[in-house]
Amino acid sequence: MIVRLTVLAPEQGRGTFSLRLPFAAGRAPDAKLRIQHERVSRRHCEFFEQEGTVHVRDLGSTNGTMVDDVPVDPALPMALAPGAVIRLGHVSIRIDYDPFAEAPTMPLDADTASRLALPNATGAAGGDPDGPTTDGELERFLRRLTGI
């Protein structure tokens, strides 16, 4: 399943991109969603699909993972409704998905693609089937997000 992530905060990091589940978030080099910030743990949380629903599991992060202002219990994954807002450190991200879609539910708009210096309005470089961003494009986007 592919999910669309929209960064809501911080302001300078606003933008939208898509990732294929499952993926981990954190500061570690192997995290697909890498956020370099002192309040984000190396292996902060992971996102996965179960029976058509996206779930998040906190991986014992120091500062916790919040979903719609509710803390995620590290012992119990939390189901995410489309539109849920996840907070990792100072970063707030809305997650959208269609459990029946095999393609991104919405392409990256031209304005966001232009601000992020992506090669085209969908963000795809060579038509990557895993979503509209390549690892390099995602890395540049996340560096802008964290001010690095």
# chains A, B, ... in the order shown; residues from 1 in each chain; ligands from 1
>>> closest_atom_pairs(of="region 7-51 of chain A", to="region 57-75 of chain A", cutoff="8 Å", atoms="only C-alpha atoms", output="CSV")
residue,atom,partner,partner_atom,distance
A:Arg39,CA,A:Asn63,CA,6.2
A:Val40,CA,A:Asn63,CA,7.1
A:Ser41,CA,A:Ser61,CA,5.4
A:Arg43,CA,A:Leu59,CA,6.4
A:His44,CA,A:Ser61,CA,4.9
A:Cys45,CA,A:Asp58,CA,4.3
A:Glu46,CA,A:Arg57,CA,5.3
A:Phe47,CA,A:Arg57,CA,6.6
>>> residues_around(residues="Ala84 (chain A)", least_positions_apart="2", cutoff="9 Å", atoms="only C-alpha atoms", output="list in words")
Val67, Asp68, Leu80, Ala81, Pro82, Ile86, Ile93, Arg94, Ile95 and Asp96 of chain A
>>> write_last_selection(atoms="C-alpha atoms", output="PDB file, in the first residue's frame")
ATOM      1  CA  VAL A  67      -1.406  10.439  16.830  1.00  0.00           C
ATOM      2  CA  ASP A  68      -4.015  13.206  16.911  1.00  0.00           C
ATOM      3  CA  LEU A  80      -4.486   5.224  11.710  1.00  0.00           C
ATOM      4  CA  ALA A  81      -7.567   6.587  10.014  1.00  0.00           C
ATOM      5  CA  PRO A  82      -6.963   8.442   6.740  1.00  0.00           C
ATOM      6  CA  ILE A  86       1.312  12.002  13.537  1.00  0.00           C
ATOM      7  CA  ILE A  93       2.619  14.835   9.354  1.00  0.00           C
ATOM      8  CA  ARG A  94      -0.862  14.021   8.046  1.00  0.00           C
ATOM      9  CA  ILE A  95      -1.202  10.535   6.585  1.00  0.00           C
ATOM     10  CA  ASP A  96      -3.695   9.825   3.829  1.00  0.00           C
TER      11      ASP A  96
END
>>> closest_atom_pairs(of="region 58-94 of chain A", to="region 5-27 of chain A", cutoff="9 Å", atoms="only C-alpha atoms", output="JSON lines")
{"residue": "A:Val85", "atom": "CA", "partner": "A:Leu8", "partner_atom": "CA", "distance": 8.7}
{"residue": "A:Leu88", "atom": "CA", "partner": "A:Gly26", "partner_atom": "CA", "distance": 8.5}
{"residue": "A:His90", "atom": "CA", "partner": "A:Pro10", "partner_atom": "CA", "distance": 7.0}
{"residue": "A:Val91", "atom": "CA", "partner": "A:Ala9", "partner_atom": "CA", "distance": 5.4}
{"residue": "A:Ser92", "atom": "CA", "partner": "A:Ala9", "partner_atom": "CA", "distance": 5.0}
{"residue": "A:Ile93", "atom": "CA", "partner": "A:Val7", "partner_atom": "CA", "distance": 4.4}
{"residue": "A:Arg94", "atom": "CA", "partner": "A:Thr6", "partner_atom": "CA", "distance": 5.1}
>>> atom_distance(atom1="CA of Met1 (chain A)", atom2="CA of Glu49 (chain A)")
7.1 Å
>>> closest_residue(among="A:Pro29, A:Gly89, A:Arg34, A:Ala79", to="Phe48 (chain A)", atoms="only C-alpha atoms")
A:Ala79
>>> select_by_dssp(residues="region 11-122 of chain A", states="alpha helix (DSSP H)", output="list in words")
Ala110, Asp111, Thr112, Ala113, Ser114 and Arg115 of chain A
>>> atom_distance(atom1="CA of Glu51 (chain A)", atom2="CA of Phe100 (chain A)")
11.0 Å
>>> select_by_dssp(residues="region 9-112 of chain A", states="strand (DSSP E)", output="count of residues only")
44
>>> atom_distance(atom1="CA of Gln36 (chain A)", atom2="CA of Phe141 (chain A)")
11.8 Å
